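*Asks:* Next comes the structure file run.pdb, holding PDB, C-alpha atoms, pLDDT in the B column.
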```
ATOM      1  CA  MET A   1     -31.415   2.334 -67.925  1.00 59.00           C
ATOM      2  CA  THR A   2     -32.342   4.264 -64.809  1.00 73.00           C
ATOM      3  CA  GLU A   3     -35.283   2.617 -63.083  1.00 91.00           C
ATOM      4  CA  ILE A   4     -35.505   5.005 -60.163  1.00 97.00           C
ATOM      5  CA  SER A   5     -33.993   8.322 -59.077  1.00 98.00           C
ATOM      6  CA  ILE A   6     -33.546   9.119 -55.382  1.00 98.00           C
ATOM      7  CA  ILE A   7     -33.166  12.780 -54.418  1.00 98.00           C
ATOM      8  CA  THR A   8     -31.583  13.675 -51.083  1.00 98.00           C
ATOM      9  CA  PRO A   9     -31.630  17.329 -49.998  1.00 98.00           C
ATOM     10  CA  VAL A  10     -29.102  18.227 -47.306  1.00 98.00           C
ATOM     11  CA  PHE A  11     -27.618  21.218 -45.553  1.00 97.00           C
ATOM     12  CA  GLU A  12     -25.089  20.877 -42.744  1.00 96.00           C
ATOM     13  CA  ASP A  13     -26.372  17.475 -41.626  1.00 96.00           C
ATOM     14  CA  PRO A  14     -23.783  14.671 -41.436  1.00 96.00           C
ATOM     15  CA  ARG A  15     -26.604  12.197 -40.766  1.00 96.00           C
ATOM     16  CA  VAL A  16     -26.906  12.149 -44.549  1.00 97.00           C
ATOM     17  CA  GLU A  17     -24.356   9.320 -44.313  1.00 97.00           C
ATOM     18  CA  HIS A  18     -27.091   6.979 -43.017  1.00 97.00           C
ATOM     19  CA  ALA A  19     -29.437   8.002 -45.848  1.00 98.00           C
ATOM     20  CA  LEU A  20     -26.760   7.321 -48.466  1.00 98.00           C
ATOM     21  CA  GLU A  21     -25.756   4.004 -46.908  1.00 98.00           C
ATOM     22  CA  SER A  22     -29.390   2.880 -47.013  1.00 98.00           C
ATOM     23  CA  ILE A  23     -29.544   3.731 -50.732  1.00 98.00           C
ATOM     24  CA  ARG A  24     -26.297   1.855 -51.354  1.00 98.00           C
ATOM     25  CA  ALA A  25     -27.701  -1.202 -49.561  1.00 98.00           C
ATOM     26  CA  GLN A  26     -30.710  -1.579 -51.883  1.00 97.00           C
ATOM     27  CA  ARG A  27     -30.809  -4.930 -53.685  1.00 96.00           C
ATOM     28  CA  ASP A  28     -32.253  -6.258 -56.935  1.00 94.00           C
ATOM     29  CA  VAL A  29     -32.652  -2.863 -58.611  1.00 93.00           C
ATOM     30  CA  SER A  30     -30.870  -2.561 -61.921  1.00 86.00           C
ATOM     31  CA  GLY A  31     -30.592   1.217 -62.094  1.00 88.00           C
ATOM     32  CA  VAL A  32     -30.628   3.624 -59.152  1.00 96.00           C
ATOM     33  CA  GLU A  33     -29.704   7.253 -59.751  1.00 98.00           C
ATOM     34  CA  THR A  34     -28.616   9.096 -56.590  1.00 98.00           C
ATOM     35  CA  ILE A  35     -28.971  12.879 -56.671  1.00 98.00           C
ATOM     36  CA  VAL A  36     -27.787  14.939 -53.698  1.00 98.00           C
ATOM     37  CA  VAL A  37     -28.809  18.588 -53.518  1.00 98.00           C
ATOM     38  CA  ASP A  38     -26.577  20.312 -50.987  1.00 98.00           C
ATOM     39  CA  GLY A  39     -27.361  23.853 -49.908  1.00 96.00           C
ATOM     40  CA  GLY A  40     -23.692  24.690 -49.512  1.00 94.00           C
ATOM     41  CA  SER A  41     -22.558  22.579 -46.574  1.00 95.00           C
ATOM     42  CA  THR A  42     -19.058  22.689 -45.154  1.00 89.00           C
ATOM     43  CA  GLY A  43     -16.999  20.617 -42.745  1.00 91.00           C
ATOM     44  CA  GLU A  44     -18.255  17.155 -41.753  1.00 96.00           C
ATOM     45  CA  THR A  45     -21.189  17.077 -44.154  1.00 97.00           C
ATOM     46  CA  ARG A  46     -18.921  17.786 -47.121  1.00 96.00           C
ATOM     47  CA  GLN A  47     -16.579  15.047 -45.935  1.00 97.00           C
ATOM     48  CA  VAL A  48     -19.470  12.574 -45.804  1.00 97.00           C
ATOM     49  CA  LEU A  49     -20.550  13.493 -49.331  1.00 98.00           C
ATOM     50  CA  GLY A  50     -16.980  13.103 -50.563  1.00 97.00           C
ATOM     51  CA  ALA A  51     -16.738   9.652 -48.984  1.00 97.00           C
ATOM     52  CA  HIS A  52     -19.804   8.583 -51.001  1.00 98.00           C
ATOM     53  CA  ASP A  53     -18.675  10.126 -54.273  1.00 97.00           C
ATOM     54  CA  ASP A  54     -18.877   6.739 -56.012  1.00 97.00           C
ATOM     55  CA  LEU A  55     -22.580   6.446 -55.154  1.00 97.00           C
ATOM     56  CA  ILE A  56     -23.676   9.991 -55.991  1.00 98.00           C
ATOM     57  CA  ASN A  57     -24.465  10.390 -59.681  1.00 97.00           C
ATOM     58  CA  THR A  58     -25.271  14.080 -59.451  1.00 98.00           C
ATOM     59  CA  LEU A  59     -24.185  16.508 -56.729  1.00 98.00           C
ATOM     60  CA  ILE A  60     -25.700  19.986 -56.805  1.00 98.00           C
ATOM     61  CA  SER A  61     -23.955  22.210 -54.265  1.00 96.00           C
ATOM     62  CA  GLU A  62     -25.223  25.777 -54.133  1.00 96.00           C
ATOM     63  CA  PRO A  63     -27.435  27.990 -51.963  1.00 94.00           C
ATOM     64  CA  ASP A  64     -31.159  27.318 -52.218  1.00 95.00           C
ATOM     65  CA  ASP A  65     -34.441  28.735 -50.965  1.00 95.00           C
ATOM     66  CA  GLY A  66     -35.182  25.873 -48.598  1.00 95.00           C
ATOM     67  CA  VAL A  67     -35.759  22.142 -48.710  1.00 97.00           C
ATOM     68  CA  TYR A  68     -38.560  22.231 -51.306  1.00 98.00           C
ATOM     69  CA  ASP A  69     -36.449  24.330 -53.643  1.00 98.00           C
ATOM     70  CA  ALA A  70     -33.708  21.724 -53.245  1.00 98.00           C
ATOM     71  CA  MET A  71     -36.185  18.940 -54.045  1.00 98.00           C
ATOM     72  CA  ASN A  72     -37.325  20.780 -57.175  1.00 98.00           C
ATOM     73  CA  LYS A  73     -33.721  21.116 -58.352  1.00 98.00           C
ATOM     74  CA  GLY A  74     -33.276  17.366 -57.945  1.00 98.00           C
ATOM     75  CA  ILE A  75     -36.504  16.562 -59.779  1.00 98.00           C
ATOM     76  CA  ASP A  76     -35.391  18.769 -62.683  1.00 98.00           C
ATOM     77  CA  ARG A  77     -32.161  16.748 -62.963  1.00 97.00           C
ATOM     78  CA  ALA A  78     -33.665  13.280 -62.459  1.00 98.00           C
ATOM     79  CA  SER A  79     -33.605  10.812 -65.344  1.00 96.00           C
ATOM     80  CA  GLY A  80     -35.452   7.912 -63.710  1.00 96.00           C
ATOM     81  CA  ASP A  81     -38.957   6.818 -64.610  1.00 96.00           C
ATOM     82  CA  ILE A  82     -39.728   6.798 -60.870  1.00 98.00           C
ATOM     83  CA  ILE A  83     -38.622   9.497 -58.410  1.00 98.00           C
ATOM     84  CA  GLY A  84     -38.314   9.175 -54.642  1.00 98.00           C
ATOM     85  CA  ILE A  85     -37.124  11.719 -52.077  1.00 98.00           C
ATOM     86  CA  LEU A  86     -35.101  10.654 -49.048  1.00 98.00           C
ATOM     87  CA  ASN A  87     -34.250  13.434 -46.612  1.00 97.00           C
ATOM     88  CA  ALA A  88     -30.835  13.654 -44.984  1.00 97.00           C
ATOM     89  CA  ASP A  89     -32.152  12.450 -41.611  1.00 95.00           C
ATOM     90  CA  ASP A  90     -34.159   9.549 -43.091  1.00 97.00           C
ATOM     91  CA  ARG A  91     -33.119   6.093 -44.247  1.00 98.00           C
ATOM     92  CA  TYR A  92     -34.772   3.134 -45.885  1.00 98.00           C
ATOM     93  CA  GLN A  93     -36.041   0.469 -43.534  1.00 98.00           C
ATOM     94  CA  ASP A  94     -34.277  -2.415 -45.262  1.00 98.00           C
ATOM     95  CA  PRO A  95     -32.474  -3.335 -48.526  1.00 98.00           C
ATOM     96  CA  THR A  96     -35.682  -4.452 -50.279  1.00 98.00           C
ATOM     97  CA  VAL A  97     -37.605  -1.159 -50.160  1.00 98.00           C
ATOM     98  CA  LEU A  98     -36.930   0.037 -53.705  1.00 98.00           C
ATOM     99  CA  ARG A  99     -37.535  -3.392 -55.205  1.00 97.00           C
ATOM    100  CA  ARG A 100     -40.911  -3.671 -53.471  1.00 98.00           C
ATOM    101  CA  VAL A 101     -41.893  -0.177 -54.578  1.00 98.00           C
ATOM    102  CA  LEU A 102     -41.024  -0.902 -58.193  1.00 97.00           C
ATOM    103  CA  ASP A 103     -42.858  -4.235 -58.089  1.00 97.00           C
ATOM    104  CA  SER A 104     -45.949  -2.586 -56.601  1.00 97.00           C
ATOM    105  CA  LEU A 105     -45.994   0.140 -59.250  1.00 97.00           C
ATOM    106  CA  SER A 106     -45.499  -2.413 -62.020  1.00 97.00           C
ATOM    107  CA  ALA A 107     -48.196  -4.787 -60.770  1.00 98.00           C
ATOM    108  CA  SER A 108     -50.776  -2.057 -60.152  1.00 97.00           C
ATOM    109  CA  GLY A 109     -49.988   0.250 -63.046  1.00 97.00           C
ATOM    110  CA  ALA A 110     -50.349   3.148 -60.602  1.00 98.00           C
ATOM    111  CA  SER A 111     -48.491   6.435 -60.939  1.00 98.00           C
ATOM    112  CA  LEU A 112     -47.697   6.887 -57.232  1.00 98.00           C
ATOM    113  CA  CYS A 113     -46.691   4.499 -54.462  1.00 98.00           C
ATOM    114  CA  TYR A 114     -46.449   4.996 -50.712  1.00 98.00           C
ATOM    115  CA  GLY A 115     -46.027   2.982 -47.517  1.00 98.00           C
ATOM    116  CA  ASP A 116     -45.626   3.325 -43.755  1.00 98.00           C
ATOM    117  CA  LEU A 117     -43.055   5.300 -41.773  1.00 97.00           C
ATOM    118  CA  VAL A 118     -41.660   5.159 -38.242  1.00 96.00           C
ATOM    119  CA  TYR A 119     -40.072   7.970 -36.255  1.00 95.00           C
ATOM    120  CA  VAL A 120     -37.088   6.833 -34.189  1.00 94.00           C
ATOM    121  CA  ASP A 121     -35.090   8.504 -31.423  1.00 92.00           C
ATOM    122  CA  ASP A 122     -31.313   8.523 -30.984  1.00 89.00           C
ATOM    123  CA  ALA A 123     -31.479   5.022 -29.481  1.00 89.00           C
ATOM    124  CA  GLU A 124     -33.356   3.745 -32.576  1.00 89.00           C
ATOM    125  CA  SER A 125     -36.517   3.184 -30.526  1.00 91.00           C
ATOM    126  CA  VAL A 126     -39.775   3.719 -32.421  1.00 93.00           C
ATOM    127  CA  VAL A 127     -41.612   6.680 -30.880  1.00 93.00           C
ATOM    128  CA  ARG A 128     -44.253   7.213 -33.561  1.00 93.00           C
ATOM    129  CA  TYR A 129     -45.672   4.775 -36.134  1.00 94.00           C
ATOM    130  CA  TRP A 130     -47.307   6.361 -39.191  1.00 95.00           C
ATOM    131  CA  LYS A 131     -49.579   3.634 -40.542  1.00 95.00           C
ATOM    132  CA  SER A 132     -50.804   4.923 -43.878  1.00 95.00           C
ATOM    133  CA  GLY A 133     -53.451   2.383 -44.777  1.00 95.00           C
ATOM    134  CA  ALA A 134     -55.025   1.467 -48.091  1.00 94.00           C
ATOM    135  CA  TYR A 135     -55.502   4.205 -50.650  1.00 95.00           C
ATOM    136  CA  ASN A 136     -58.697   6.208 -50.868  1.00 94.00           C
ATOM    137  CA  PRO A 137     -58.377   9.880 -51.876  1.00 93.00           C
ATOM    138  CA  ASN A 138     -61.480  10.775 -49.853  1.00 93.00           C
ATOM    139  CA  ARG A 139     -59.479  10.111 -46.699  1.00 94.00           C
ATOM    140  CA  PHE A 140     -57.934  13.564 -47.213  1.00 95.00           C
ATOM    141  CA  TYR A 141     -61.220  14.953 -45.886  1.00 93.00           C
ATOM    142  CA  PHE A 142     -60.461  13.254 -42.557  1.00 92.00           C
ATOM    143  CA  GLY A 143     -56.950  14.655 -42.149  1.00 92.00           C
ATOM    144  CA  TRP A 144     -55.105  11.826 -43.918  1.00 94.00           C
ATOM    145  CA  MET A 145     -52.025  12.092 -46.034  1.00 95.00           C
ATOM    146  CA  PRO A 146     -49.340   9.522 -46.905  1.00 97.00           C
ATOM    147  CA  PRO A 147     -45.924  10.168 -45.300  1.00 96.00           C
ATOM    148  CA  HIS A 148     -44.001  12.038 -47.945  1.00 97.00           C
ATOM    149  CA  PRO A 149     -40.620  10.270 -47.473  1.00 97.00           C
ATOM    150  CA  THR A 150     -42.353   7.014 -48.474  1.00 98.00           C
ATOM    151  CA  VAL A 151     -43.885   8.489 -51.619  1.00 98.00           C
ATOM    152  CA  PHE A 152     -42.515   7.489 -55.043  1.00 98.00           C
ATOM    153  CA  VAL A 153     -43.888   9.226 -58.111  1.00 98.00           C
ATOM    154  CA  ARG A 154     -43.620   8.611 -61.824  1.00 98.00           C
ATOM    155  CA  GLN A 155     -41.732  11.319 -63.682  1.00 97.00           C
ATOM    156  CA  THR A 156     -44.827  11.874 -65.832  1.00 97.00           C
ATOM    157  CA  VAL A 157     -46.765  13.072 -62.775  1.00 98.00           C
ATOM    158  CA  TYR A 158     -44.318  15.927 -62.208  1.00 98.00           C
ATOM    159  CA  ASP A 159     -44.404  16.690 -65.921  1.00 98.00           C
ATOM    160  CA  ARG A 160     -48.190  17.030 -65.834  1.00 98.00           C
ATOM    161  CA  TYR A 161     -48.858  18.551 -62.406  1.00 98.00           C
ATOM    162  CA  GLY A 162     -45.655  20.418 -61.647  1.00 98.00           C
ATOM    163  CA  THR A 163     -43.258  20.222 -58.716  1.00 98.00           C
ATOM    164  CA  PHE A 164     -43.415  21.718 -55.212  1.00 98.00           C
ATOM    165  CA  ASP A 165     -45.038  25.140 -54.806  1.00 98.00           C
ATOM    166  CA  LEU A 166     -42.486  27.333 -53.030  1.00 98.00           C
ATOM    167  CA  ASN A 167     -45.263  29.561 -51.709  1.00 97.00           C
ATOM    168  CA  TYR A 168     -45.689  26.838 -49.063  1.00 97.00           C
ATOM    169  CA  ARG A 169     -42.720  27.054 -46.687  1.00 95.00           C
ATOM    170  CA  ILE A 170     -43.624  24.084 -44.459  1.00 95.00           C
ATOM    171  CA  ALA A 171     -46.429  22.102 -46.099  1.00 95.00           C
ATOM    172  CA  ALA A 172     -45.471  22.075 -49.793  1.00 97.00           C
ATOM    173  CA  ASP A 173     -45.394  18.273 -49.672  1.00 98.00           C
ATOM    174  CA  TYR A 174     -48.991  18.229 -48.401  1.00 97.00           C
ATOM    175  CA  GLU A 175     -50.090  20.687 -51.086  1.00 98.00           C
ATOM    176  CA  PHE A 176     -48.429  18.564 -53.776  1.00 98.00           C
ATOM    177  CA  LEU A 177     -50.090  15.352 -52.598  1.00 98.00           C
ATOM    178  CA  LEU A 178     -53.457  17.081 -52.312  1.00 97.00           C
ATOM    179  CA  ARG A 179     -52.951  18.470 -55.823  1.00 98.00           C
ATOM    180  CA  VAL A 180     -52.206  15.153 -57.493  1.00 98.00           C
ATOM    181  CA  LEU A 181     -54.285  12.697 -55.444  1.00 97.00           C
ATOM    182  CA  LEU A 182     -57.487  14.559 -54.572  1.00 96.00           C
ATOM    183  CA  ALA A 183     -57.691  17.529 -56.926  1.00 96.00           C
ATOM    184  CA  GLY A 184     -56.032  15.502 -59.708  1.00 96.00           C
ATOM    185  CA  ASP A 185     -56.650  12.026 -61.008  1.00 88.00           C
ATOM    186  CA  VAL A 186     -53.349  10.307 -60.191  1.00 97.00           C
ATOM    187  CA  SER A 187     -53.670   6.638 -59.258  1.00 97.00           C
ATOM    188  CA  ALA A 188     -51.859   5.286 -56.206  1.00 98.00           C
ATOM    189  CA  THR A 189     -50.837   1.973 -54.667  1.00 98.00           C
ATOM    190  CA  TYR A 190     -49.947   1.139 -51.071  1.00 98.00           C
ATOM    191  CA  VAL A 191     -47.128  -1.054 -49.756  1.00 98.00           C
ATOM    192  CA  ASP A 192     -48.398  -2.340 -46.413  1.00 97.00           C
ATOM    193  CA  ASP A 193     -45.077  -2.158 -44.590  1.00 97.00           C
ATOM    194  CA  VAL A 194     -42.584   0.283 -43.100  1.00 98.00           C
ATOM    195  CA  LEU A 195     -40.473   1.789 -45.877  1.00 98.00           C
ATOM    196  CA  VAL A 196     -38.662   4.635 -44.103  1.00 98.00           C
ATOM    197  CA  ARG A 197     -37.165   5.345 -40.680  1.00 97.00           C
ATOM    198  CA  MET A 198     -37.214   9.054 -39.852  1.00 96.00           C
ATOM    199  CA  ALA A 199     -35.328  10.828 -37.079  1.00 92.00           C
ATOM    200  CA  THR A 200     -37.592  12.617 -34.614  1.00 84.00           C
ATOM    201  CA  GLY A 201     -38.101  16.301 -35.252  1.00 60.00           C
ATOM    202  CA  GLY A 202     -38.743  17.831 -38.640  1.00 52.00           C
ATOM    203  CA  GLN A 203     -39.569  21.311 -39.821  1.00 50.00           C
ATOM    204  CA  SER A 204     -43.343  21.146 -39.431  1.00 46.00           C
ATOM    205  CA  ASN A 205     -43.055  19.969 -35.806  1.00 49.00           C
ATOM    206  CA  ALA A 206     -40.054  22.076 -34.786  1.00 51.00           C
ATOM    207  CA  SER A 207     -42.115  24.518 -32.692  1.00 58.00           C
ATOM    208  CA  VAL A 208     -45.658  25.438 -31.764  1.00 73.00           C
ATOM    209  CA  ARG A 209     -45.401  28.296 -34.261  1.00 81.00           C
ATOM    210  CA  ASN A 210     -44.356  25.913 -37.036  1.00 83.00           C
ATOM    211  CA  ILE A 211     -47.255  23.581 -36.231  1.00 85.00           C
ATOM    212  CA  PHE A 212     -49.645  26.540 -36.409  1.00 87.00           C
ATOM    213  CA  ASP A 213     -48.091  27.819 -39.655  1.00 92.00           C
ATOM    214  CA  ALA A 214     -48.189  24.339 -41.203  1.00 91.00           C
ATOM    215  CA  ASN A 215     -51.915  24.051 -40.573  1.00 90.00           C
ATOM    216  CA  ILE A 216     -52.508  27.515 -42.017  1.00 92.00           C
ATOM    217  CA  GLU A 217     -50.744  26.249 -45.141  1.00 95.00           C
ATOM    218  CA  VAL A 218     -52.972  23.156 -45.148  1.00 94.00           C
ATOM    219  CA  TYR A 219     -56.002  25.465 -45.199  1.00 93.00           C
ATOM    220  CA  ARG A 220     -54.436  27.523 -48.000  1.00 95.00           C
ATOM    221  CA  ALA A 221     -53.837  24.346 -50.031  1.00 95.00           C
ATOM    222  CA  TRP A 222     -57.528  23.427 -49.885  1.00 95.00           C
ATOM    223  CA  ARG A 223     -58.486  26.951 -50.910  1.00 95.00           C
ATOM    224  CA  LYS A 224     -55.972  26.925 -53.758  1.00 96.00           C
ATOM    225  CA  HIS A 225     -57.640  23.894 -55.306  1.00 95.00           C
ATOM    226  CA  ASP A 226     -61.180  25.072 -54.515  1.00 94.00           C
ATOM    227  CA  LEU A 227     -61.859  22.009 -52.376  1.00 93.00           C
ATOM    228  CA  ARG A 228     -64.433  21.910 -49.596  1.00 87.00           C
ATOM    229  CA  GLY A 229     -62.867  20.808 -46.321  1.00 77.00           C
ATOM    230  CA  GLY A 230     -60.330  23.547 -45.880  1.00 76.00           C
ATOM    231  CA  LEU A 231     -61.848  24.690 -42.583  1.00 78.00           C
ATOM    232  CA  HIS A 232     -62.105  21.416 -40.686  1.00 84.00           C
ATOM    233  CA  VAL A 233     -59.110  19.483 -42.076  1.00 86.00           C
ATOM    234  CA  PRO A 234     -56.488  21.633 -40.270  1.00 80.00           C
ATOM    235  CA  VAL A 235     -58.340  20.737 -37.047  1.00 78.00           C
ATOM    236  CA  VAL A 236     -58.666  16.979 -37.553  1.00 79.00           C
ATOM    237  CA  LYS A 237     -55.301  16.447 -39.246  1.00 79.00           C
ATOM    238  CA  PRO A 238     -53.168  16.949 -36.082  1.00 75.00           C
ATOM    239  CA  LEU A 239     -55.446  14.585 -34.150  1.00 68.00           C
ATOM    240  CA  ARG A 240     -54.305  11.674 -36.307  1.00 75.00           C
ATOM    241  CA  LYS A 241     -50.875  11.895 -34.680  1.00 74.00           C
ATOM    242  CA  PHE A 242     -52.258  10.614 -31.369  1.00 63.00           C
ATOM    243  CA  SER A 243     -53.007   7.223 -32.919  1.00 70.00           C
ATOM    244  CA  GLN A 244     -49.483   7.151 -34.374  1.00 75.00           C
ATOM    245  CA  TYR A 245     -47.916   7.581 -30.929  1.00 65.00           C
ATOM    246  CA  LEU A 246     -50.291   4.970 -29.514  1.00 67.00           C
ATOM    247  CA  ARG A 247     -49.364   2.490 -32.235  1.00 69.00           C
ATOM    248  CA  ALA A 248     -45.666   3.044 -31.501  1.00 64.00           C
ATOM    249  CA  ALA A 249     -46.271   2.283 -27.817  1.00 65.00           C
ATOM    250  CA  VAL A 250     -48.071  -0.947 -28.713  1.00 61.00           C
ATOM    251  CA  VAL A 251     -45.289  -2.002 -31.097  1.00 59.00           C
ATOM    252  CA  SER A 252     -42.574  -1.278 -28.524  1.00 59.00           C
ATOM    253  CA  ARG A 253     -44.315  -3.520 -25.970  1.00 58.00           C
ATOM    254  CA  SER A 254     -44.835  -6.415 -28.390  1.00 51.00           C
TER     255      SER A 254
END
```
Can the structure from this file be put into structure tokens for me?

*Replies:*
Amino acid sequence: MTEISIITPVFEDPRVEHALESIRAQRDVSGVETIVVDGGSTGETRQVLGAHDDLINTLISEPDDGVYDAMNKGIDRASGDIIGILNADDRYQDPTVLRRVLDSLSASGASLCYGDLVYVDDAESVVRYWKSGAYNPNRFYFGWMPPHPTVFVRQTVYDRYGTFDLNYRIAADYEFLLRVLLAGDVSATYVDDVLVRMATGGQSNASVRNIFDANIEVYRAWRKHDLRGGLHVPVVKPLRKFSQYLRAAVVSRS
């Protein structure tokens, strides 16, 4: 029986080795399905995937229309009751992450689980600490969202609400979470701990233009679901990052 499916999208990024090793290290989980969706990598990335052939249950290797298209392909192939997405440049914080997620979902009966995330530099120093906090969907009105790499969703949620909307090039994860948590009625539970380590960078923060475009997409997501707040949320949402950098500075000094 597959308890949980983990989808890893990748394209020409040999750091996927760290993501796969962190999946392999997970303990006390009876059934983990590993799905890698590769956009057609060559060279070192293909060598890394080949070296982890025994771990990868499904390898999809073909051109795609971006990372969210790759995620959708993985979701369509997943057989687990729970689905998580771990990007190629992310890895789980420790070997107990999946067990704690499954326990939290079981104890709460919720349909979605999330936790905290840290951004780390090449020296593994924490440069940004994304503290999610306890769940309240109304926090979306104040610029909140849970960090998507820490989000685990029951398969039934995708069946009911659909997968990622490819009309959103940068913020499809935000639109999905807004769709199911605020516009929808999906229940959620919070694991008060760091679940994922993410390499610094990322598509939404890759340039000033991307930051601007991402916030335009945030506004579009609110309009799509006919929610009030679409005008001010793109303004307050980026401000939350300041507290994340401050928290990282405090943690590094402690």

*Asks:* Give me, as a ChimeraX atom specification, all polymer residues having an atom no more than 10 Å from region 209-223 of chain A, counting all atoms listed in the file and skipping those fewer than 3 positions away in the same chain.

*Replies:* /A:143,167-172,174-176,178-179,183,202-206,226-235,237-238

*Asks:* Could you check the closest approach to Val36 (chain A) for each of A:Ile7, A:Val186, A:Ala110, A:Val48 and tell me which residue wins, using all atoms listed in the file?

*Replies:* A:Ile7

*Asks:* Give as a list of chain:residue names the residues that the PyMOL selection byres ((chain A and resi 22-30) around 6) matches when applied to the coordinates above.

*Replies:*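 Evaluating the PyMOL selection byres ((chain A and resi 22-30) around 6) on these coordinates yields A:Ala19, A:Leu20, A:Glu21, A:Gly31, A:Arg91, A:Tyr92, A:Pro95, A:Thr96, A:Arg99.
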
*Asks:* Just the selected residues (C-alpha atoms), exported as a tab-separated table (two decimals), in the coordinates of the input, please.

*Replies:*
```tsv
chain	number	residue	atom	x	y	z
A	19	ALA	CA	-29.44	8.00	-45.85
A	20	LEU	CA	-26.76	7.32	-48.47
A	21	GLU	CA	-25.76	4.00	-46.91
A	31	GLY	CA	-30.59	1.22	-62.09
A	91	ARG	CA	-33.12	6.09	-44.25
A	92	TYR	CA	-34.77	3.13	-45.88
A	95	PRO	CA	-32.47	-3.34	-48.53
A	96	THR	CA	-35.68	-4.45	-50.28
A	99	ARG	CA	-37.53	-3.39	-55.20
```

*Asks:* Spell out the residues picked by the PyMOL selection byres ((chain A and resi 189) around 8) here, as a PyMOL selection string.

*Replies:* chain A and resi 104-105+108+110+112-114+134-135+187-188+190-191

*Asks:* Mind giving me the axis-aligned box for region 74-92 of chain A with 3 Å on every side, centre plus edges in Å to one decimal, as lines of an AutoDock Vina configuration file?

*Replies:*
```
center_x = -35.3
center_y = 11.0
center_z = -53.5
size_x = 14.9
size_y = 21.6
size_z = 29.7
```
